[in-house]
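Novice: The following file, coords.cif, comprises mmCIF, N, CA, C and O atoms:
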```cif
data_model
#
loop_
_atom_site.label_atom_id
_atom_site.label_comp_id
_atom_site.auth_asym_id
_atom_site.auth_seq_id
_atom_site.Cartn_x
_atom_site.Cartn_y
_atom_site.Cartn_z
N MET Y 1 79.99 41.01 22.45
CA MET Y 1 80.04 41.09 23.88
C MET Y 1 81.00 40.02 24.38
O MET Y 1 81.04 38.92 23.84
N GLN Y 2 81.76 40.32 25.41
CA GLN Y 2 82.69 39.36 25.97
C GLN Y 2 82.28 38.99 27.39
O GLN Y 2 81.90 39.85 28.17
N LEU Y 3 82.35 37.70 27.69
CA LEU Y 3 82.00 37.17 29.00
C LEU Y 3 83.15 36.37 29.55
O LEU Y 3 83.92 35.78 28.79
N LEU Y 4 83.26 36.33 30.86
CA LEU Y 4 84.28 35.53 31.52
C LEU Y 4 83.62 34.27 32.04
O LEU Y 4 82.66 34.33 32.81
N ASN Y 5 84.09 33.10 31.61
CA ASN Y 5 83.52 31.83 32.01
C ASN Y 5 84.64 30.89 32.44
O ASN Y 5 85.45 30.48 31.62
N GLU Y 6 84.68 30.58 33.73
CA GLU Y 6 85.69 29.68 34.29
C GLU Y 6 87.11 30.09 33.88
O GLU Y 6 87.93 29.28 33.48
N GLY Y 7 87.38 31.37 33.98
CA GLY Y 7 88.71 31.88 33.67
C GLY Y 7 89.00 32.08 32.20
O GLY Y 7 90.08 32.51 31.83
N LYS Y 8 88.04 31.75 31.34
CA LYS Y 8 88.21 31.93 29.89
C LYS Y 8 87.36 33.08 29.41
O LYS Y 8 86.20 33.23 29.81
N LEU Y 9 87.92 33.90 28.54
CA LEU Y 9 87.20 35.02 27.96
C LEU Y 9 86.49 34.53 26.70
O LEU Y 9 87.12 34.04 25.78
N LEU Y 10 85.16 34.64 26.69
CA LEU Y 10 84.36 34.20 25.56
C LEU Y 10 83.79 35.41 24.83
O LEU Y 10 83.36 36.38 25.46
N THR Y 11 83.77 35.36 23.53
CA THR Y 11 83.13 36.38 22.73
C THR Y 11 81.83 35.80 22.19
O THR Y 11 81.84 34.75 21.56
N VAL Y 12 80.73 36.47 22.49
CA VAL Y 12 79.42 35.99 22.04
C VAL Y 12 78.71 37.10 21.28
O VAL Y 12 78.97 38.28 21.48
N ARG Y 13 77.83 36.68 20.39
CA ARG Y 13 77.01 37.63 19.65
C ARG Y 13 75.62 37.62 20.24
O ARG Y 13 75.06 36.56 20.49
N ILE Y 14 75.09 38.80 20.48
CA ILE Y 14 73.73 38.89 20.98
C ILE Y 14 72.92 39.76 20.03
O ILE Y 14 73.46 40.61 19.32
N THR Y 15 71.63 39.52 20.02
CA THR Y 15 70.74 40.26 19.13
C THR Y 15 70.34 41.59 19.78
O THR Y 15 70.58 41.82 20.96
N ARG Y 16 69.73 42.46 19.00
CA ARG Y 16 69.30 43.76 19.52
C ARG Y 16 68.28 43.62 20.66
O ARG Y 16 68.40 44.33 21.66
N PRO Y 17 67.28 42.73 20.54
CA PRO Y 17 66.36 42.57 21.68
C PRO Y 17 67.08 42.06 22.94
O PRO Y 17 66.76 42.48 24.05
N GLN Y 18 68.04 41.15 22.78
CA GLN Y 18 68.80 40.66 23.93
C GLN Y 18 69.59 41.80 24.56
O GLN Y 18 69.67 41.92 25.78
N TRP Y 19 70.18 42.64 23.73
CA TRP Y 19 70.95 43.80 24.22
C TRP Y 19 70.02 44.76 24.97
O TRP Y 19 70.38 45.29 26.03
N ALA Y 20 68.80 44.98 24.43
CA ALA Y 20 67.84 45.86 25.09
C ALA Y 20 67.46 45.30 26.47
O ALA Y 20 67.36 46.05 27.44
N LEU Y 21 67.28 43.98 26.57
CA LEU Y 21 66.95 43.36 27.85
C LEU Y 21 68.09 43.53 28.85
O LEU Y 21 67.87 43.88 30.01
N LEU Y 22 69.33 43.33 28.41
CA LEU Y 22 70.48 43.51 29.29
C LEU Y 22 70.59 44.95 29.77
O LEU Y 22 70.83 45.20 30.96
N ASN Y 23 70.42 45.90 28.87
CA ASN Y 23 70.50 47.31 29.25
C ASN Y 23 69.39 47.68 30.22
O ASN Y 23 69.62 48.41 31.19
N TRP Y 24 68.19 47.20 29.97
CA TRP Y 24 67.08 47.48 30.87
C TRP Y 24 67.38 46.91 32.25
O TRP Y 24 67.15 47.57 33.26
N GLY Y 25 67.90 45.69 32.31
CA GLY Y 25 68.23 45.06 33.58
C GLY Y 25 69.29 45.83 34.35
O GLY Y 25 69.22 45.95 35.58
N GLU Y 26 70.29 46.35 33.64
CA GLU Y 26 71.33 47.14 34.30
C GLU Y 26 70.77 48.44 34.86
O GLU Y 26 71.19 48.90 35.93
N ASN Y 27 69.82 49.05 34.16
CA ASN Y 27 69.24 50.31 34.59
C ASN Y 27 68.14 50.14 35.64
O ASN Y 27 67.73 51.11 36.26
N HIS Y 28 67.65 48.93 35.82
CA HIS Y 28 66.58 48.64 36.78
C HIS Y 28 66.98 47.44 37.64
O HIS Y 28 66.33 46.40 37.61
N PRO Y 29 68.06 47.57 38.41
CA PRO Y 29 68.58 46.41 39.15
C PRO Y 29 67.66 45.89 40.24
O PRO Y 29 67.78 44.75 40.66
N HIS Y 30 66.72 46.70 40.70
CA HIS Y 30 65.86 46.28 41.80
C HIS Y 30 64.46 45.88 41.33
O HIS Y 30 63.60 45.58 42.15
N SER Y 31 64.24 45.86 40.03
CA SER Y 31 62.93 45.49 39.51
C SER Y 31 62.72 43.98 39.64
O SER Y 31 63.65 43.20 39.50
N ARG Y 32 61.49 43.62 39.93
CA ARG Y 32 61.13 42.21 40.01
C ARG Y 32 60.29 41.86 38.79
O ARG Y 32 59.20 42.38 38.59
N ILE Y 33 60.81 40.98 37.96
CA ILE Y 33 60.11 40.58 36.74
C ILE Y 33 59.01 39.59 37.10
O ILE Y 33 59.26 38.59 37.75
N LYS Y 34 57.80 39.89 36.64
CA LYS Y 34 56.68 38.97 36.84
C LYS Y 34 56.49 38.08 35.63
O LYS Y 34 56.10 36.93 35.76
N GLU Y 35 56.72 38.62 34.45
CA GLU Y 35 56.48 37.89 33.22
C GLU Y 35 57.47 38.34 32.16
O GLU Y 35 57.73 39.54 32.02
N LEU Y 36 58.05 37.41 31.45
CA LEU Y 36 58.99 37.72 30.37
C LEU Y 36 58.56 36.93 29.15
O LEU Y 36 58.47 35.70 29.20
N GLU Y 37 58.25 37.62 28.07
CA GLU Y 37 57.76 36.96 26.86
C GLU Y 37 58.85 36.90 25.79
O GLU Y 37 59.48 37.90 25.48
N PHE Y 38 59.03 35.72 25.25
CA PHE Y 38 59.98 35.51 24.16
C PHE Y 38 59.22 35.13 22.90
O PHE Y 38 58.23 34.41 22.96
N VAL Y 39 59.71 35.59 21.75
CA VAL Y 39 59.19 35.20 20.45
C VAL Y 39 60.37 34.73 19.62
O VAL Y 39 61.33 35.48 19.42
N ASP Y 40 60.33 33.48 19.20
CA ASP Y 40 61.43 32.88 18.43
C ASP Y 40 62.76 33.02 19.16
O ASP Y 40 63.79 33.31 18.55
N GLY Y 41 62.74 32.86 20.47
CA GLY Y 41 63.96 32.91 21.26
C GLY Y 41 64.46 34.30 21.60
O GLY Y 41 65.50 34.46 22.21
N GLN Y 42 63.70 35.33 21.20
CA GLN Y 42 64.10 36.70 21.45
C GLN Y 42 63.18 37.34 22.48
O GLN Y 42 61.95 37.20 22.39
N PRO Y 43 63.73 38.07 23.45
CA PRO Y 43 62.86 38.74 24.42
C PRO Y 43 62.09 39.87 23.75
O PRO Y 43 62.66 40.68 23.03
N MET Y 44 60.78 39.89 23.94
CA MET Y 44 59.95 40.92 23.32
C MET Y 44 59.35 41.87 24.33
O MET Y 44 59.25 43.06 24.07
N LYS Y 45 58.94 41.36 25.49
CA LYS Y 45 58.39 42.27 26.49
C LYS Y 45 58.53 41.66 27.87
O LYS Y 45 58.66 40.45 28.04
N VAL Y 46 58.51 42.55 28.86
CA VAL Y 46 58.59 42.14 30.25
C VAL Y 46 57.55 42.93 31.05
O VAL Y 46 57.30 44.09 30.75
N VAL Y 47 56.94 42.24 31.98
CA VAL Y 47 56.06 42.91 32.96
C VAL Y 47 56.80 42.86 34.28
O VAL Y 47 57.15 41.78 34.76
N ALA Y 48 57.09 44.03 34.84
CA ALA Y 48 57.86 44.11 36.08
C ALA Y 48 57.09 44.91 37.12
O ALA Y 48 56.33 45.82 36.78
N VAL Y 49 57.30 44.57 38.37
CA VAL Y 49 56.71 45.30 39.48
C VAL Y 49 57.40 46.66 39.56
O VAL Y 49 58.63 46.75 39.45
N THR Y 50 56.62 47.71 39.76
CA THR Y 50 57.20 49.05 39.88
C THR Y 50 58.04 49.15 41.15
O THR Y 50 57.90 48.35 42.07
N ASN Y 51 58.90 50.16 41.20
CA ASN Y 51 59.80 50.33 42.36
C ASN Y 51 59.05 50.50 43.67
O ASN Y 51 59.52 50.06 44.72
N ASP Y 52 57.87 51.12 43.63
CA ASP Y 52 57.11 51.30 44.87
C ASP Y 52 56.33 50.05 45.27
O ASP Y 52 55.76 49.99 46.35
N GLY Y 53 56.31 49.06 44.37
CA GLY Y 53 55.63 47.80 44.67
C GLY Y 53 54.13 47.85 44.55
O GLY Y 53 53.45 46.86 44.85
N LEU Y 54 53.58 48.95 44.07
CA LEU Y 54 52.14 49.12 44.02
C LEU Y 54 51.52 48.77 42.67
O LEU Y 54 50.31 48.68 42.55
N GLY Y 55 52.33 48.58 41.66
CA GLY Y 55 51.79 48.30 40.33
C GLY Y 55 52.80 47.57 39.47
O GLY Y 55 53.81 47.07 39.96
N THR Y 56 52.52 47.53 38.20
CA THR Y 56 53.44 46.89 37.24
C THR Y 56 53.68 47.83 36.07
O THR Y 56 52.90 48.75 35.82
N GLU Y 57 54.76 47.58 35.37
CA GLU Y 57 55.05 48.33 34.15
C GLU Y 57 55.35 47.35 33.04
O GLU Y 57 55.89 46.26 33.27
N LEU Y 58 54.97 47.71 31.83
CA LEU Y 58 55.22 46.90 30.65
C LEU Y 58 56.37 47.53 29.87
O LEU Y 58 56.34 48.72 29.56
N VAL Y 59 57.39 46.74 29.58
CA VAL Y 59 58.54 47.21 28.80
C VAL Y 59 58.59 46.37 27.53
O VAL Y 59 58.62 45.14 27.59
N ARG Y 60 58.57 47.04 26.38
CA ARG Y 60 58.58 46.33 25.10
C ARG Y 60 59.92 46.52 24.41
O ARG Y 60 60.27 47.62 24.00
N PHE Y 61 60.66 45.43 24.32
CA PHE Y 61 61.99 45.49 23.72
C PHE Y 61 61.92 45.62 22.20
O PHE Y 61 62.81 46.19 21.59
N ASP Y 62 60.87 45.10 21.59
CA ASP Y 62 60.73 45.24 20.15
C ASP Y 62 60.60 46.70 19.75
O ASP Y 62 61.17 47.14 18.76
N LYS Y 63 59.92 47.52 20.57
CA LYS Y 63 59.81 48.96 20.28
C LYS Y 63 61.13 49.66 20.53
O LYS Y 63 61.48 50.60 19.81
N MET Y 64 61.87 49.25 21.55
CA MET Y 64 63.19 49.85 21.82
C MET Y 64 64.12 49.65 20.64
O MET Y 64 64.86 50.55 20.25
N VAL Y 65 64.07 48.46 20.05
CA VAL Y 65 64.95 48.14 18.92
C VAL Y 65 64.56 48.97 17.71
O VAL Y 65 65.43 49.48 17.00
N LYS Y 66 63.27 49.13 17.45
CA LYS Y 66 62.82 49.89 16.29
C LYS Y 66 63.16 51.37 16.43
O LYS Y 66 63.42 52.04 15.44
N GLU Y 67 63.15 51.90 17.66
CA GLU Y 67 63.45 53.31 17.90
C GLU Y 67 64.94 53.60 17.79
O GLU Y 67 65.33 54.72 17.51
N ALA Y 68 65.77 52.60 18.02
CA ALA Y 68 67.23 52.80 18.01
C ALA Y 68 67.77 52.89 16.61
O ALA Y 68 67.22 52.57 15.64
#
```
Could you rewrite the structure in this file as structure tokens?
Specialist:
Amino acid sequence: MQLLNEGKLLTVRITRPQWALLNWGENHPHSRIKELEFVDGQPMKVVAVTNDGLGTELVRFDKMVKEA
């Protein structure tokens, strides 16, 4: 993955769970994260408020990685 930092293009390596978190965030730009759990520095699950604001949803990145 490449990022722009202060006018410099950086190439960084990200793990599959990190990639799953980024993709989920891009697909759910209006979600409000209530809880984000990391295991050994890797995102494993997030609890986010649903779009209607009436409940929460659990997203497990470890399962996304295993299914891919």
Novice: Just need the box for stretch 5-19 of chain Y, edges along x, y and z, holding every atom the file lists for it with 5 Å tacked onto each side, so centre and edge lengths in Å to one decimal, as lines of an AutoDock Vina configuration file.
Specialist:
```
center_x = 78.2
center_y = 37.3
center_z = 26.6
size_x = 33.7
size_y = 26.0
size_z = 25.3
```
Novice: When you count all atoms listed in the file, which of these residues is closest to Y:Val59: Y:Pro29, Y:Met44, Y:Trp24, Y:Lys8?
Specialist: Y:Met44
Novice: Expand the PyMOL selection byres ((chain Y and resi 49) around 6) into the individual residues it matches in the shown file, reporting them as a list of chain:residue names.
Specialist: Y:His30, Y:Ser31, Y:Arg32, Y:Ile33, Y:Lys34, Y:Val47, Y:Ala48, Y:Thr50, Y:Asn51, Y:Gly53, Y:Gly55, Y:Thr56, Y:Glu57
Novice: Do a neighbour search on Y:Ala20 at 7 Å with all atoms listed in the file, toss out local chain neighbours closer than 4 positions, and write the hits as a PDB file with N, CA, C and O atoms, in the coordinates of the input.
Specialist:
```
ATOM      1  N   THR Y  15      71.630  39.520  20.020  1.00  0.00           N
ATOM      2  CA  THR Y  15      70.740  40.260  19.130  1.00  0.00           C
ATOM      3  C   THR Y  15      70.340  41.590  19.780  1.00  0.00           C
ATOM      4  O   THR Y  15      70.580  41.820  20.960  1.00  0.00           O
ATOM      5  N   ARG Y  16      69.730  42.460  19.000  1.00  0.00           N
ATOM      6  CA  ARG Y  16      69.300  43.760  19.520  1.00  0.00           C
ATOM      7  C   ARG Y  16      68.280  43.620  20.660  1.00  0.00           C
ATOM      8  O   ARG Y  16      68.400  44.330  21.660  1.00  0.00           O
ATOM      9  N   TRP Y  24      68.190  47.200  29.970  1.00  0.00           N
ATOM     10  CA  TRP Y  24      67.080  47.480  30.870  1.00  0.00           C
ATOM     11  C   TRP Y  24      67.380  46.910  32.250  1.00  0.00           C
ATOM     12  O   TRP Y  24      67.150  47.570  33.260  1.00  0.00           O
ATOM     13  N   GLY Y  25      67.900  45.690  32.310  1.00  0.00           N
ATOM     14  CA  GLY Y  25      68.230  45.060  33.580  1.00  0.00           C
ATOM     15  C   GLY Y  25      69.290  45.830  34.350  1.00  0.00           C
ATOM     16  O   GLY Y  25      69.220  45.950  35.580  1.00  0.00           O
ATOM     17  N   GLU Y  26      70.290  46.350  33.640  1.00  0.00           N
ATOM     18  CA  GLU Y  26      71.330  47.140  34.300  1.00  0.00           C
ATOM     19  C   GLU Y  26      70.770  48.440  34.860  1.00  0.00           C
ATOM     20  O   GLU Y  26      71.190  48.900  35.930  1.00  0.00           O
ATOM     21  N   PHE Y  61      60.660  45.430  24.320  1.00  0.00           N
ATOM     22  CA  PHE Y  61      61.990  45.490  23.720  1.00  0.00           C
ATOM     23  C   PHE Y  61      61.920  45.620  22.200  1.00  0.00           C
ATOM     24  O   PHE Y  61      62.810  46.190  21.590  1.00  0.00           O
ATOM     25  N   MET Y  64      61.870  49.250  21.550  1.00  0.00           N
ATOM     26  CA  MET Y  64      63.190  49.850  21.820  1.00  0.00           C
ATOM     27  C   MET Y  64      64.120  49.650  20.640  1.00  0.00           C
ATOM     28  O   MET Y  64      64.860  50.550  20.250  1.00  0.00           O
ATOM     29  N   VAL Y  65      64.070  48.460  20.050  1.00  0.00           N
ATOM     30  CA  VAL Y  65      64.950  48.140  18.920  1.00  0.00           C
ATOM     31  C   VAL Y  65      64.560  48.970  17.710  1.00  0.00           C
ATOM     32  O   VAL Y  65      65.430  49.480  17.000  1.00  0.00           O
TER      33      VAL Y  65
END
```
Novice: Counting all atoms listed in the file, which residues come within 8 Å of (79.0, 40.5, 23.5), with the point read in the file's coordinates, and could you list them as a list in words?
Specialist: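 Checking each residue against the 8 Å limit leaves Met1, Gln2, Leu3, Leu10, Thr11, Val12, Arg13 and Ile14 of chain Y.
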Novice: Can those selected residues be exported to a file as a tab-separated table (two decimals), keeping the file's coordinate frame so that it contains N, CA, C and O atoms?
Specialist:
```tsv
chain	number	residue	atom	x	y	z
Y	1	MET	N	79.99	41.01	22.45
Y	1	MET	CA	80.04	41.09	23.88
Y	1	MET	C	81.00	40.02	24.38
Y	1	MET	O	81.04	38.92	23.84
Y	2	GLN	N	81.76	40.32	25.41
Y	2	GLN	CA	82.69	39.36	25.97
Y	2	GLN	C	82.28	38.99	27.39
Y	2	GLN	O	81.90	39.85	28.17
Y	3	LEU	N	82.35	37.70	27.69
Y	3	LEU	CA	82.00	37.17	29.00
Y	3	LEU	C	83.15	36.37	29.55
Y	3	LEU	O	83.92	35.78	28.79
Y	10	LEU	N	85.16	34.64	26.69
Y	10	LEU	CA	84.36	34.20	25.56
Y	10	LEU	C	83.79	35.41	24.83
Y	10	LEU	O	83.36	36.38	25.46
Y	11	THR	N	83.77	35.36	23.53
Y	11	THR	CA	83.13	36.38	22.73
Y	11	THR	C	81.83	35.80	22.19
Y	11	THR	O	81.84	34.75	21.56
Y	12	VAL	N	80.73	36.47	22.49
Y	12	VAL	CA	79.42	35.99	22.04
Y	12	VAL	C	78.71	37.10	21.28
Y	12	VAL	O	78.97	38.28	21.48
Y	13	ARG	N	77.83	36.68	20.39
Y	13	ARG	CA	77.01	37.63	19.65
Y	13	ARG	C	75.62	37.62	20.24
Y	13	ARG	O	75.06	36.56	20.49
Y	14	ILE	N	75.09	38.80	20.48
Y	14	ILE	CA	73.73	38.89	20.98
Y	14	ILE	C	72.92	39.76	20.03
Y	14	ILE	O	73.46	40.61	19.32
```
Novice: How far is it from atom O of Y:Glu37 to atom O of Y:Glu67, in Å with one decimal?
Specialist: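 So the answer is 19.5 Å.
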Novice: In Å, how far is it from atom CA of Y:Phe38 to atom N of Y:Pro17?
Specialist: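 One can read the atom CA of Y:Phe38 to atom N of Y:Pro17 distance as 10.9 Å.
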Novice: Measure the distance from atom C of Y:Leu58 to atom N of Y:Val46 in Å and round it to one decimal.
Specialist: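 According to the coordinates, atom C of Y:Leu58 and atom N of Y:Val46 are separated by 5.5 Å.
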Novice: Which parts of chain Y does DSSP call helix (DSSP H, G or I) when run on the backbone here, written out as a ChimeraX atom specification?
Specialist: /Y:16-27,61-67
